[in-house]
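Novice: The structure follows.
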Amino acid sequence: MSWLRSIRHALLAAGWTAALHASWPIDANQLDREVAAAPEARRTGLLLGYSAEAELTDPKQAGELARRALAAARSPGDRLRAGLRVAAAERALGDYALAMTHAQESLAAATAVHDDQLRGAALLVMARTQWAQSHLAEAIATFRQSLDLSAQQADLPTEIDGHIGLGMALTEAGEKDLSRQQFLRALDLAEKSGDSNRQGNALTDLGNLALGAGDLAGAQSFFERSRVAFDRAGNVWGDATALVNLGQLAEMSGDLVTALRDDWAARDVYQKAGLKRQWANAERQLGSVLSKLGRNVESEQAFERGLGLARTLGSHTVLANLYQVQSEALERAGHYVEAMRAERAYGLEHEAALGERTRQQMAELNARFDAEHREREIAALRSAQIAQNSAEMASRSRAYELGAVLLIGALIATLVVGWQRITLVTQRRVAAEAQIAREAAEQADRVKTRLLGIASHDLKGPLGNIHQIADELQEEQGMAGLRDERLDWVKVEASRLTRLVQDLLDTAALETGRLELRTSNLDLAVVVAAAVTEMHWQVQEKRQRIDYEAPAPGVAAVVGDVDRLRQVIGNILSNAVKYSPADGTITLSLSRRADRIVFTVSDEGPGLTAADRQRMFAPFTRLSARPTGRESSHGLGLSIAQEIVRLHGGTIVVDSEPGRGATFRIELPAVAYVA
């Protein structure tokens with residue numbers, strides 16, 4: 001079959017995409033006959049198989065087949081698998097809102113049936129969609145959750161895609177070394193499994209990293225290898241991606257004719273496939289090459305097509321990249337006023353994409369401080385500077401135009417062009433200075449985080465003294481036959497503040513990777529019992545009831561850090577008490593399922609919205625629900641609990657809908673009980 005692939009490459013590179021695409025669609029009549037002849041229980045699987053086959057050649061047809069599979073699904077498992085395929089197709093075609101909705105529904109369904117493999121796949125689609133929408137912090141967290149589950153379930157395709165996706169998000173976040181590690185891990189797994197398509201994806205991203213670092217020879221090698229891998233897999237739009245990348249290399253090397261040929265061919269493939277994001281990026285490269293060839297009208301048309309596509313995606317990143325290259329092309333053509341407009345648009349879109357990431361990162365580091373306020377001040381200063389420069393430029397341009405009428409037109413026109421050049425350079429310098437100011441703000445925030453850690457550490461001693469004094473007073477009262485319940489509340493409040501201080505210290509330790517576990521064999525039932533006892537006063541105050549039947553000794557045996565696991569269970573149980581109404585019931589269960597220990601906490605609170613579920617494990621996050629007894633909530637407990645569970649090799653998930661309470665489920669690896 002190698003000669004057929006060679007013919008396809010020749011057609012693609014020559015731009016004969018019409019002939020190529022004619023072979024893409026699956027014969028509809030043949031498919032309908034096969035589906036009609038198949039037993040009803042097999043129809044969904046048949047359609048999903050065809051959808052997967054079409055994914056590498058015609059994403060639009062893949063989406064249509066996935067929707068047919070979803071409509072034909074009769075069992076919960078079939079509906080779940082078809083919903084995931086629909087979500088993946090919608091993400092590829094650029095309908096991010098619909099993709100996220102289907103992915104969230106699939107995640108909830110997979111969680112309900114305890115299918116961790118499909119949970120990992122649903123989280124992967126969610127993470128890819130979050131990345132496409134420039135929600136980098138959320139995407140990175142979701143990719144990691146997907147990777148944890150796929151590795152546990154030995155789901156190699158999802159694990160490889162998770163490494164690639166995480167690498168792409170880390171690249172955009174500026175973590176190039178970490179992203180390279182992810183791509184290399186994905187490539188190693190793909191090569192060992194013989195997955196040519198995923199090899200091509202990993203090689204493409206490694207090539208882009210090399211290109212960004214100025215290593216043109218290394219990028220050329222990676223892109224050529226990716227093209228060979230996509231060729232083996234029969235991935236037509238993967239071939240187009242390789243062409244775009246090779247076209248970019250040709251452009252950088254000065255071979256504009258080859259670059260234009262490759263970019264045109266790739267653009268036509270993306271257009272036929274309906275892949276809006278890739279299509280928009282191809283139009284950006286076309287506009288750049290056409291501009292360098294002096295074909296300015298065609299160049300501007302390419303940029304406008306790309307911008308139109310990017311606006312339908314709602315991606316600040318894609319828009320920013322288009323405006324940046326368009327500004328350079330307009331400047332090259334001598335259209336300095338239009339170039340400055342494009343540069344301003346680039347600044348706004350870049351700021352929007354960066355602002356989303358910055359807000360997430362600042363929330364993870366220390367949301368109680370004024371990072372967002374500082375960011376707004378920088379943006380306001382930058383906008384004011386840009387507006388001032390624009391006003392000065394407009395004023396001077398009008399003066400020069402009037403002078404051109406009164407004096408020598410040619411000389412004044414030259415001066416105007418000179419001033420426009422200077423203003424454009426100044427504007428870009430302002431953008432660079434704003435970036436420096438932002439980095440200084442982030443450095444200041446890191447200093448605040450360290451100071452907060454020091455202060456929190458110094459608070460632990462006084463709070464411990466308060467607790468000890470309360471114990472001594474209670475002991476003295478007991479000897480005298482007296483009892484003052486106010487001392488119980490002193491101890492409760494001192495314990496609450498101690499937990500807050502410990503949470504702040506734990507957050508700092510997790511951010512720097514310094515949180516260590518002291519593990520041993522233990523019975524999780526003992527840890528749960530201690531946490532329930534510790535919550536006695538809060539439960540009694542709200543007249544609540546905890547429904548819990550402890551398992552037999554040794555059933556819930558795990559290897560773990562007893563103090564950290566008690567902290568996790570205490571945090572989850574504390575949340576249930578806070579958000580459950582007075583006189584409500586909190587239900588706990590602890591059991592062994594195969595090689596996992598499962599602990600659940602269910603409450604009767606207000607439940608969680610879809611937006612809550614997406615960000616609930618981020619530090620300092622306040623959710624839409626409010627504690628029923630006006631208890632305080634600093635937004636650290638769940639983020640710390642998730643990280644501690646992850647360090648134990650476990651998972652923590654939540655199942656909740658508005659108005660129906662919430663159920664948290666913690667799963668940890670089980671071990672044979674050691675007394």
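Following the order of the structure tokens, first chain is A, next is B, and so on, with residues numbered from 1 inside each chain and ligands from 1 in the order they appear.
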Identify, on the basis of only C-alpha atoms, every residue whose closest approach to range 228-231 of chain A does not exceed 7 Å; exclude the query and any residue fewer than 3 positions from it along the same chain; express the result as a VMD selection string.
Specialist: chain A and resid 5 196 to 197 199 to 200 224 to 225 234 to 235 238 to 239
Novice: Counting only C-alpha atoms, which residues in range 198-236 of chain A sit no more than 8 Å from range 187-192 of chain A? For each one, give the nearest pair of atoms and the distance in Å, sorted by chain then residue number, as a tab-separated table.
Specialist:
```
residue	atom	partner	partner_atom	distance
A:Arg198	CA	A:Ala190	CA	6.0
A:Gln199	CA	A:Ala190	CA	5.4
A:Ala202	CA	A:Leu187	CA	5.5
A:Leu203	CA	A:Leu187	CA	7.1
```
Novice: Just the number, please: distance in Å from CA of Ala82 in chain A to CA of Met616 in chain A, one decimal.
Specialist: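 Taking CA of Ala82 in chain A and CA of Met616 in chain A, their separation equals 27.3 Å.
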Novice: Name the closest residue to Gly294 in chain A among the candidates A:Leu107, A:Leu330, A:Val325, A:Val269; distances are taken between atoms, counting only C-alpha atoms.
Specialist: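 Between A:Leu107, A:Leu330, A:Val325, A:Val269, the residue approaching Gly294 in chain A most closely is A:Leu330.
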Novice: Restricting the calculation to only C-alpha atoms: of A:Asp655, A:Asp78, A:Gln326, A:Arg660, which residue gets closest to Ala112 in chain A?
Specialist: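 Of the candidates, the smallest distance to Ala112 in chain A is held by A:Asp655.
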Novice: Can you list, as a list of chain:residue names, every protein, DNA or RNA residue that comes within 8 Å of Glu667 in chain A when you count only C-alpha atoms, leaving out same-chain residues fewer than 3 positions away?
Specialist: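 Those residues are A:Arg596, A:Ile597, A:Val598, A:Phe599, A:Gly650, A:Thr651, A:Ile652.
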Novice: Point out the residue among A:Glu331, A:Gln567, A:Ala557, A:Tyr323 with the least atom-to-atom distance to Arg344 in chain A, counting only C-alpha atoms.
Specialist: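 Closest to Arg344 in chain A of all the choices is A:Tyr323.
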Novice: What's around Met535 in chain A at 10 Å? Count only C-alpha atoms, leave out sequence neighbours fewer than 4 positions away in its own chain, and write the answer as a list in words.
Specialist: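 Within the cut-off, the hits are Val492, Ala530, Ala531, Val539, Gln540, Ile546, Gly570, Leu573, Ser574 and Val577 of chain A.
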Novice: Taking 5 positions as the minimum chain separation for residues in the same chain, which residues sit within 7 Å of Val289 in chain A when counting only C-alpha atoms? Answer as an NGL selection string.
Specialist: :A and (251 or 256 or 260)
Novice: Would you put the residues from that selection into a file with C-alpha atoms, as a short mmCIF file (atom, residue, chain, number, x, y, z; two decimals), in the first residue's frame?
Specialist:
```
data_model
loop_
_atom_site.label_atom_id
_atom_site.label_comp_id
_atom_site.auth_asym_id
_atom_site.auth_seq_id
_atom_site.Cartn_x
_atom_site.Cartn_y
_atom_site.Cartn_z
CA GLU A 251 8.88 30.13 4.88
CA LEU A 256 8.23 30.96 -0.23
CA LEU A 260 2.74 28.66 -0.34
#
```
Novice: If we count only C-alpha atoms and set the cut-off at 12 Å, which residues sit around Ser193 in chain A, ignoring sequence neighbours fewer than 6 positions away in its own chain? Please answer as a ChimeraX atom specification.
Specialist: /A:155-157,159-160,186-187,199
Novice: Those residues you just picked out, can you put them in a file as a tab-separated table (two decimals), in the first residue's frame with all heavy atoms?
Specialist:
```tsv
chain	number	residue	atom	x	y	z
A	155	ASP	N	-5.35	2.02	30.29
A	155	ASP	CA	-5.98	2.51	29.06
A	155	ASP	C	-4.92	3.31	28.29
A	155	ASP	O	-4.82	4.53	28.43
A	155	ASP	CB	-7.19	3.37	29.41
A	155	ASP	CG	-7.93	3.89	28.17
A	155	ASP	OD1	-7.49	3.59	27.05
A	155	ASP	OD2	-8.94	4.61	28.35
A	156	LEU	N	-4.13	2.60	27.48
A	156	LEU	CA	-2.96	3.22	26.85
A	156	LEU	C	-3.32	4.35	25.89
A	156	LEU	O	-2.68	5.41	25.92
A	156	LEU	CB	-2.13	2.15	26.15
A	156	LEU	CG	-0.68	2.53	25.84
A	156	LEU	CD1	0.05	2.98	27.10
A	156	LEU	CD2	0.03	1.35	25.20
A	157	PRO	N	-4.33	4.22	25.00
A	157	PRO	CA	-4.65	5.34	24.09
A	157	PRO	C	-5.00	6.62	24.85
A	157	PRO	O	-4.52	7.71	24.50
A	157	PRO	CB	-5.84	4.81	23.29
A	157	PRO	CG	-5.69	3.33	23.32
A	157	PRO	CD	-5.14	3.01	24.67
A	159	GLU	N	-4.13	7.37	27.92
A	159	GLU	CA	-2.93	7.83	28.62
A	159	GLU	C	-2.00	8.60	27.68
A	159	GLU	O	-1.48	9.67	28.03
A	159	GLU	CB	-2.19	6.65	29.24
A	159	GLU	CG	-0.98	7.08	30.08
A	159	GLU	CD	-0.26	5.92	30.72
A	159	GLU	OE1	-0.70	4.76	30.53
A	159	GLU	OE2	0.75	6.17	31.40
A	160	ILE	N	-1.80	8.07	26.46
A	160	ILE	CA	-0.94	8.77	25.49
A	160	ILE	C	-1.52	10.13	25.15
A	160	ILE	O	-0.82	11.15	25.14
A	160	ILE	CB	-0.77	7.92	24.22
A	160	ILE	CG1	-0.05	6.62	24.54
A	160	ILE	CG2	0.01	8.70	23.16
A	160	ILE	CD1	-0.03	5.62	23.39
A	186	ALA	N	4.79	10.38	25.80
A	186	ALA	CA	3.73	9.97	24.86
A	186	ALA	C	4.34	9.24	23.66
A	186	ALA	O	3.81	8.21	23.21
A	186	ALA	CB	2.94	11.19	24.40
A	187	LEU	N	5.44	9.77	23.13
A	187	LEU	CA	6.08	9.14	21.97
A	187	LEU	C	6.58	7.74	22.33
A	187	LEU	O	6.42	6.80	21.54
A	187	LEU	CB	7.24	10.02	21.49
A	187	LEU	CG	8.02	9.50	20.28
A	187	LEU	CD1	7.10	9.35	19.07
A	187	LEU	CD2	9.18	10.44	19.95
A	199	GLN	N	1.92	8.52	17.49
A	199	GLN	CA	3.32	8.87	17.26
A	199	GLN	C	3.41	10.18	16.48
A	199	GLN	O	4.22	11.06	16.80
A	199	GLN	CB	4.02	7.76	16.46
A	199	GLN	CG	4.30	6.48	17.24
A	199	GLN	CD	4.96	5.44	16.36
A	199	GLN	OE1	5.88	5.74	15.61
A	199	GLN	NE2	4.47	4.21	16.42
```
Novice: Ranking A:Met168, A:His114, A:Thr600, A:Arg185 by minimum distance to Asp205 in chain A and counting only C-alpha atoms, which one comes first?
Specialist: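 Comparing A:Met168, A:His114, A:Thr600, A:Arg185 against Asp205 in chain A, the winner is A:Met168.
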Novice: Need the shell around range 552-556 of chain A: protein/DNA/RNA residues with any atom at most 9 Å away, counting only C-alpha atoms. Skip same-chain ones fewer than 6 positions apart. Format as a ChimeraX atom specification?
Specialist: /A:522-526,590-592,596-598,670-675
Novice: Please, could you write that set of residues out with N, CA and C atoms as a CSV table (one decimal), in the first residue's frame?
Specialist:
```csv
chain,number,residue,atom,x,y,z
A,522,LEU,N,-2.5,0.5,58.0
A,522,LEU,CA,-3.5,1.0,59.0
A,522,LEU,C,-4.9,0.6,58.5
A,523,ASP,N,-5.8,0.7,59.5
A,523,ASP,CA,-7.2,0.4,59.2
A,523,ASP,C,-7.9,1.7,59.0
A,524,LEU,N,-8.4,2.0,57.8
A,524,LEU,CA,-9.1,3.3,57.5
A,524,LEU,C,-10.3,3.5,58.4
A,525,ALA,N,-10.9,2.4,58.9
A,525,ALA,CA,-12.1,2.5,59.7
A,525,ALA,C,-11.8,3.2,61.0
A,526,VAL,N,-10.6,3.0,61.5
A,526,VAL,CA,-10.1,3.7,62.8
A,526,VAL,C,-10.0,5.2,62.5
A,590,LEU,N,-18.1,2.7,54.2
A,590,LEU,CA,-16.7,2.3,54.1
A,590,LEU,C,-16.7,0.9,53.7
A,591,SER,N,-16.1,0.5,52.6
A,591,SER,CA,-16.2,-0.9,52.1
A,591,SER,C,-15.0,-1.2,51.2
A,592,ARG,N,-14.8,-2.5,51.0
A,592,ARG,CA,-13.7,-3.0,50.1
A,592,ARG,C,-14.4,-3.5,48.8
A,596,ARG,N,-9.8,-2.1,45.9
A,596,ARG,CA,-9.9,-0.7,46.3
A,596,ARG,C,-10.7,-0.6,47.6
A,597,ILE,N,-10.3,0.4,48.4
A,597,ILE,CA,-11.1,0.7,49.6
A,597,ILE,C,-11.9,2.0,49.2
A,598,VAL,N,-13.2,1.9,49.4
A,598,VAL,CA,-14.1,3.0,48.9
A,598,VAL,C,-14.8,3.7,50.2
A,670,ALA,N,-6.2,-1.0,48.2
A,670,ALA,CA,-6.4,-1.9,49.4
A,670,ALA,C,-5.2,-2.8,49.5
A,671,VAL,N,-4.9,-3.2,50.8
A,671,VAL,CA,-3.8,-4.1,51.0
A,671,VAL,C,-4.4,-5.2,52.0
A,672,ALA,N,-3.6,-6.3,52.0
A,672,ALA,CA,-4.0,-7.3,53.0
A,672,ALA,C,-3.8,-6.8,54.4
A,673,TYR,N,-4.7,-7.0,55.3
A,673,TYR,CA,-4.7,-6.4,56.6
A,673,TYR,C,-3.5,-7.0,57.4
A,674,VAL,N,-2.8,-6.1,58.1
A,674,VAL,CA,-1.7,-6.4,59.0
A,674,VAL,C,-2.0,-5.9,60.3
A,675,ALA,N,-2.2,-6.7,61.3
A,675,ALA,CA,-2.6,-6.3,62.7
A,675,ALA,C,-1.5,-5.5,63.3
```
Novice: Restricting the calculation to only C-alpha atoms, which member of A:Ala52, A:Ala71, A:Leu638, A:Val86 is positioned closest to Glu40 in chain A?
Specialist: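 Smallest separation from Glu40 in chain A among the options: A:Ala71.
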Novice: Counting only C-alpha atoms, which residues in range 118-200 of chain A sit no more than 9 Å from range 308-321 of chain A? For each one, give the nearest pair of atoms and the distance in Å, sorted by chain then residue number, as JSON lines.
Specialist:
```
{"residue": "A:Ala132", "atom": "CA", "partner": "A:Ser315", "partner_atom": "CA", "distance": 6.9}
{"residue": "A:Gln133", "atom": "CA", "partner": "A:Ser315", "partner_atom": "CA", "distance": 5.5}
{"residue": "A:Ser134", "atom": "CA", "partner": "A:Thr317", "partner_atom": "CA", "distance": 6.6}
```
Novice: Rounded to one decimal place, report the CA of Glu283 in chain A-CA of Asn296 in chain A distance in Å.
Specialist: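 Spanning CA of Glu283 in chain A to CA of Asn296 in chain A is a straight-line distance of 13.7 Å.
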